[in-house]
Structures are given as structure tokens and as C-alpha cells.
file target16.cif (mmCIF, C-alpha atoms)
data_model
loop_
_atom_site.label_atom_id
_atom_site.label_comp_id
_atom_site.auth_asym_id
_atom_site.auth_seq_id
_atom_site.Cartn_x
_atom_site.Cartn_y
_atom_site.Cartn_z
CA MET Y 193 64.51 130.23 30.78
CA MET Y 194 63.59 126.64 31.57
CA PRO Y 195 63.97 125.54 35.24
CA LEU Y 196 66.52 122.82 36.06
CA VAL Y 197 64.94 119.45 36.82
CA HIS Y 198 65.90 115.84 37.55
CA PHE Y 199 64.32 112.51 38.44
CA CYS Y 200 63.20 111.83 42.01
CA ASN Y 201 66.03 110.15 43.96
CA TRP Y 202 63.67 107.43 45.20
CA ARG Y 203 64.74 104.16 43.66
CA GLY Y 204 62.54 103.36 40.67
CA CYS Y 205 60.60 106.65 40.73
CA GLN Y 206 60.52 108.41 37.35
CA ARG Y 207 58.81 111.64 38.42
CA ILE Y 208 60.48 114.84 37.26
CA ILE Y 209 61.09 117.32 40.09
CA PRO Y 210 62.88 120.67 40.54
CA LYS Y 211 66.66 120.48 40.91
CA ASP Y 212 66.55 121.91 44.46
CA LYS Y 213 64.55 118.92 45.77
CA ARG Y 214 65.76 115.36 46.37
CA PHE Y 215 62.40 113.55 46.27
CA CYS Y 216 58.93 114.03 44.84
CA ASP Y 217 56.24 114.98 47.38
CA GLU Y 218 55.11 111.36 47.84
CA HIS Y 219 58.59 110.02 48.52
CA GLN Y 220 59.72 113.03 50.54
CA SER Y 221 57.09 112.24 53.19
CA ILE Y 222 58.19 108.58 53.30
CA HIS Y 223 61.85 109.63 53.53
CA ASP Y 224 61.07 112.07 56.37
CA LYS Y 225 59.25 109.37 58.36
CA GLN Y 226 62.11 106.87 57.93
CA TRP Y 227 65.20 109.04 58.32
CA SER Y 228 64.61 112.34 60.07
CA PRO Y 229 64.42 110.84 63.60
CA ARG Y 230 67.55 108.83 62.89
CA TYR Y 231 69.74 111.81 63.71
CA THR Y 232 68.45 112.45 67.21
CA LYS Y 233 70.33 111.06 70.19
CA GLN Y 234 67.29 109.12 71.38
CA SER Y 235 66.75 107.43 68.01
CA LYS Y 236 70.51 106.61 67.82
CA ARG Y 237 70.19 104.86 71.17
CA ASN Y 238 67.15 102.97 69.93
CA THR Y 239 68.94 101.96 66.73
CA ASP Y 240 71.92 100.75 68.78
CA LYS Y 241 69.64 98.78 71.10
CA ILE Y 242 67.94 97.09 68.14
CA TYR Y 243 71.32 96.24 66.60
CA ASN Y 244 72.68 94.89 69.88
CA HIS Y 245 69.58 92.84 70.63
CA PHE Y 246 68.80 91.35 67.22
CA ARG Y 247 71.83 91.58 64.92
CA ARG Y 248 74.94 91.31 67.10
CA ASP Y 249 75.68 87.92 68.62
CA GLN Y 250 75.03 87.92 72.36
CA GLU Y 251 78.60 86.95 73.30
CA ALA Y 252 79.90 90.02 71.45
CA ASN Y 253 77.17 92.17 72.96
CA ALA Y 254 78.15 91.10 76.48
CA PHE Y 255 81.84 91.68 75.70
CA TYR Y 256 81.34 95.20 74.30
CA HIS Y 257 79.23 96.19 77.31
CA SER Y 258 81.67 94.85 79.91
CA LYS Y 259 83.61 97.08 82.30
CA ALA Y 260 86.91 95.55 81.13
CA TRP Y 261 86.19 96.51 77.49
CA THR Y 262 85.14 100.03 78.48
CA GLU Y 263 88.42 100.54 80.34
CA VAL Y 264 90.56 99.21 77.47
CA ARG Y 265 88.53 101.18 74.90
CA ASP Y 266 89.04 104.41 76.87
CA TYR Y 267 92.77 103.64 77.21
CA VAL Y 268 93.15 103.15 73.43
CA LYS Y 269 91.18 106.34 72.76
CA GLN Y 270 93.57 108.26 75.02
CA ARG Y 271 96.69 106.46 73.74
CA ASP Y 272 95.87 107.21 70.11
CA LYS Y 273 94.83 110.80 70.91
CA MET Y 274 91.70 110.48 68.75
CA ILE Y 275 93.81 109.97 65.60
CA SER Y 276 92.71 107.34 63.08
CA GLY Y 277 95.14 104.46 62.78
CA LEU Y 278 94.34 104.21 59.09
CA SER Y 279 94.14 107.76 57.71
CA HIS Y 280 95.95 109.54 60.59
CA ARG Y 281 93.14 112.11 60.67
CA MET Y 282 91.69 113.58 63.85
CA LEU Y 283 88.40 111.93 64.82
CA ASN Y 284 85.59 113.43 66.85
CA ASP Y 285 83.63 111.81 69.69
CA HIS Y 286 80.82 110.82 67.33
CA ASP Y 287 82.97 109.33 64.59
CA TYR Y 288 85.31 106.77 66.09
CA ILE Y 289 85.34 103.06 66.76
CA VAL Y 290 87.97 101.17 68.72
CA ASP Y 291 88.57 98.25 66.36
CA HIS Y 292 90.37 94.92 66.68
CA ILE Y 293 93.11 94.69 64.04
CA VAL Y 294 92.81 90.90 64.15
CA PRO Y 295 89.11 90.14 64.79
CA ARG Y 296 88.12 89.54 68.41
CA ARG Y 297 86.94 86.00 67.71
CA LEU Y 298 90.40 85.00 66.42
CA VAL Y 299 92.60 86.20 69.28
CA LYS Y 300 93.37 84.72 72.67
CA ASP Y 301 93.06 88.03 74.51
CA PRO Y 302 90.44 90.36 73.03
CA LEU Y 303 91.47 93.02 75.56
CA ASP Y 304 95.07 93.23 74.31
CA ALA Y 305 95.58 96.93 73.53
CA HIS Y 306 98.31 96.07 70.99
CA ASN Y 307 95.58 94.60 68.78
CA LEU Y 308 93.35 97.70 68.99
CA TRP Y 309 93.29 100.95 67.05
CA LEU Y 310 90.94 103.83 66.36
CA LEU Y 311 89.10 104.06 63.06
CA SER Y 312 86.41 106.34 61.76
CA ARG Y 313 83.03 104.68 61.30
CA ARG Y 314 83.50 104.81 57.53
CA GLU Y 315 86.95 103.22 57.71
CA HIS Y 316 85.62 100.58 60.11
CA ASN Y 317 82.79 99.71 57.72
CA ARG Y 318 85.22 99.37 54.79
CA LYS Y 319 87.54 97.17 56.86
CA THR Y 320 84.63 95.01 57.99
CA LYS Y 321 83.59 94.40 54.36
CA TYR Y 322 87.07 93.14 53.58
CA GLU Y 323 87.15 91.00 56.72
CA GLU Y 324 83.96 89.26 55.68
CA ALA Y 325 85.57 88.25 52.37
CA LEU Y 326 88.84 86.93 53.84
CA PRO Y 327 89.42 83.52 55.40
CA ASP Y 328 90.37 83.30 59.08
CA SER Y 329 93.84 81.98 58.20
CA VAL Y 330 94.60 85.27 56.41
CA LEU Y 331 92.88 87.51 58.98
CA LYS Y 332 94.99 86.06 61.82
CA LYS Y 333 98.19 87.27 60.12
CA LEU Y 334 97.18 90.80 59.08
CA THR Y 335 98.84 93.73 60.83
CA ALA Y 336 97.82 97.39 61.03
CA ASP Y 337 100.32 98.13 58.23
CA ASP Y 338 98.74 95.41 56.08
CA TRP Y 339 95.32 97.00 56.59
CA ARG Y 340 96.67 100.49 55.80
CA HIS Y 341 98.13 99.19 52.54
CA LYS Y 342 95.07 97.16 51.58
CA LEU Y 343 92.53 99.89 52.32
CA SER Y 344 94.57 102.76 50.82
CA ILE Y 345 94.87 100.93 47.47
CA ASN Y 346 91.16 100.16 47.37
CA ARG Y 347 89.98 103.60 48.53
CA LYS Y 348 86.86 104.69 46.69
#
call {"tool": "encode", "arguments": {"input": "target16.cif", "output": "C-alpha cells"}}
result
Amino acid sequence: MMPLVHFCNWRGCQRIIPKDKRFCDEHQSIHDKQWSPRYTKQSKRNTDKIYNHFRRDQEANAFYHSKAWTEVRDYVKQRDKMISGLSHRMLNDHDYIVDHIVPRRLVKDPLDAHNLWLLSRREHNRKTKYEEALPDSVLKKLTADDWRHKLSINRK
């Protein structure tokens, strides 16, 4: 009987490997160096620090590290009982983001709890992609129900 095989999952690599492996030996070592530390708490902190320092604008960084935001974030987390505002599923402590329904930069009071809800990281990333494609005039008017409708129709 012939063993099951497939191409290496590394983009552009055409090596044939056994079905129980994801990468050829060469690319497995590269993958291990890049991704295995990513899942440790220390590397998560380092990744967050890099994001906050280089990618996030400094005004937002200061806001999301303020005591006022921490208090409102904790209030919303408790108010929503760790239930996603989009899918209504229970979230865990490692998979939630307190998100602004109308983006922070477009509201008068970014600490208004009525404009905040819990989302999973995946839901937050999908919502952010849509936000980037919409003009501010539309974003200012969207409600939580609008987002639920928009993101449930376009669910992958």
C-alpha cells in the first residue's frame, strides 16, 4: 500500500512529504523558530509591546493603558458576563476584546459604556476589516444590531 503524501504547506515549496507532517524538514525548522515561542505568555507580552510601540498610534496606546479605560473595560466585561455581543457565545479570558461599536476616534466620549461590547478576537478582527473599508460618515451611524446583521451575512 502506498503511503499518503502531500505538498509541504510552506508557500511555494513543492516538496512531497508524508500526510502526517505539515512542513518538509527545512521549513519545519523555520516554522518552529518563528511560531513556537509565540504561544508562551512571555512572547505574547513581547508581541503586544512591539504592537503597542510600533504599530498602534501613541494616542490610542495611552488611552488603552489608562486607569479610566481599565475600569470601563472591566465594567463592560462584568456587565456582558463574558458573552459575545455578536455571536452570543461564552468567551474565555484569553479570547475577548472590549470593542467600540462606533470607533473610538469618532465619538465624543470613548469611555461611554453604551458604545462598548465584548467580541472574540476573531470577531473583532472581522469587524476591523469592515471598518477599514467604510467611510467615517457610515461608521458613525452603525449600531450593534447593524454590525450583527452585516457580519452574520458575510460570515466565512
call {"tool": "atom_distance", "arguments": {"input": "target16.cif", "atom1": "atom CA of Y:Ile222", "atom2": "atom CA of Y:Asn317"}}
result
26.5 Å
call {"tool": "residues_around", "arguments": {"input": "target16.cif", "residues": "Y:Arg271", "least_positions_apart": "5", "cutoff": "12 Å", "atoms": "all atoms listed in the file", "output": "PyMOL selection string"}}
result
chain Y and resi 264-266+276-277+290+305-306+308-310
call {"tool": "resolve_selection", "arguments": {"input": "target16.cif", "expression": "the PyMOL selection byres ((chain Y and resi 195) around 12)", "output": "number ranges by chain"}}
result
Y: 193-194, 196-198, 208-212
call {"tool": "residues_around", "arguments": {"input": "target16.cif", "residues": "Y:Ile293", "least_positions_apart": "6", "cutoff": "12 Å", "atoms": "all atoms listed in the file", "output": "list in words"}}
result
Gly277, Leu278, Val299, Pro302, Leu303, Asp304, Ala305, His306, Asn307, Leu308, Trp309, Leu310, Leu311, His316, Lys319, Thr320, Glu323, Leu331, Lys332, Lys333, Leu334, Thr335, Ala336, Asp337, Asp338, Trp339 and Arg340 of chain Y
call {"tool": "atom_distance", "arguments": {"input": "target16.cif", "atom1": "atom CA of Y:Ser312", "atom2": "atom CA of Y:Ser344"}}
result
14.1 Å
call {"tool": "atom_distance", "arguments": {"input": "target16.cif", "atom1": "atom CA of Y:His280", "atom2": "atom CA of Y:His292"}}
result
16.8 Å
call {"tool": "closest_residue", "arguments": {"input": "target16.cif", "among": "Y:Gln270, Y:Arg203, Y:Asn238, Y:Ile275", "to": "Y:His223", "atoms": "all atoms listed in the file"}}
result
Y:Arg203
call {"tool": "closest_residue", "arguments": {"input": "target16.cif", "among": "Y:Ala254, Y:Cys205, Y:Cys216, Y:Leu343", "to": "Y:Lys321", "atoms": "all atoms listed in the file"}}
result
Y:Leu343
call {"tool": "closest_residue", "arguments": {"input": "target16.cif", "among": "Y:Glu263, Y:Glu315, Y:Asp285, Y:Asp217", "to": "Y:Lys342", "atoms": "all atoms listed in the file"}}
result
Y:Glu315
call {"tool": "closest_residue", "arguments": {"input": "target16.cif", "among": "Y:Lys225, Y:Lys273, Y:Arg207, Y:Arg296", "to": "Y:Trp261", "atoms": "all atoms listed in the file"}}
result
Y:Arg296
call {"tool": "closest_residue", "arguments": {"input": "target16.cif", "among": "Y:Leu283, Y:Leu326, Y:Val294, Y:Cys200", "to": "Y:Lys269", "atoms": "all atoms listed in the file"}}
result
Y:Leu283
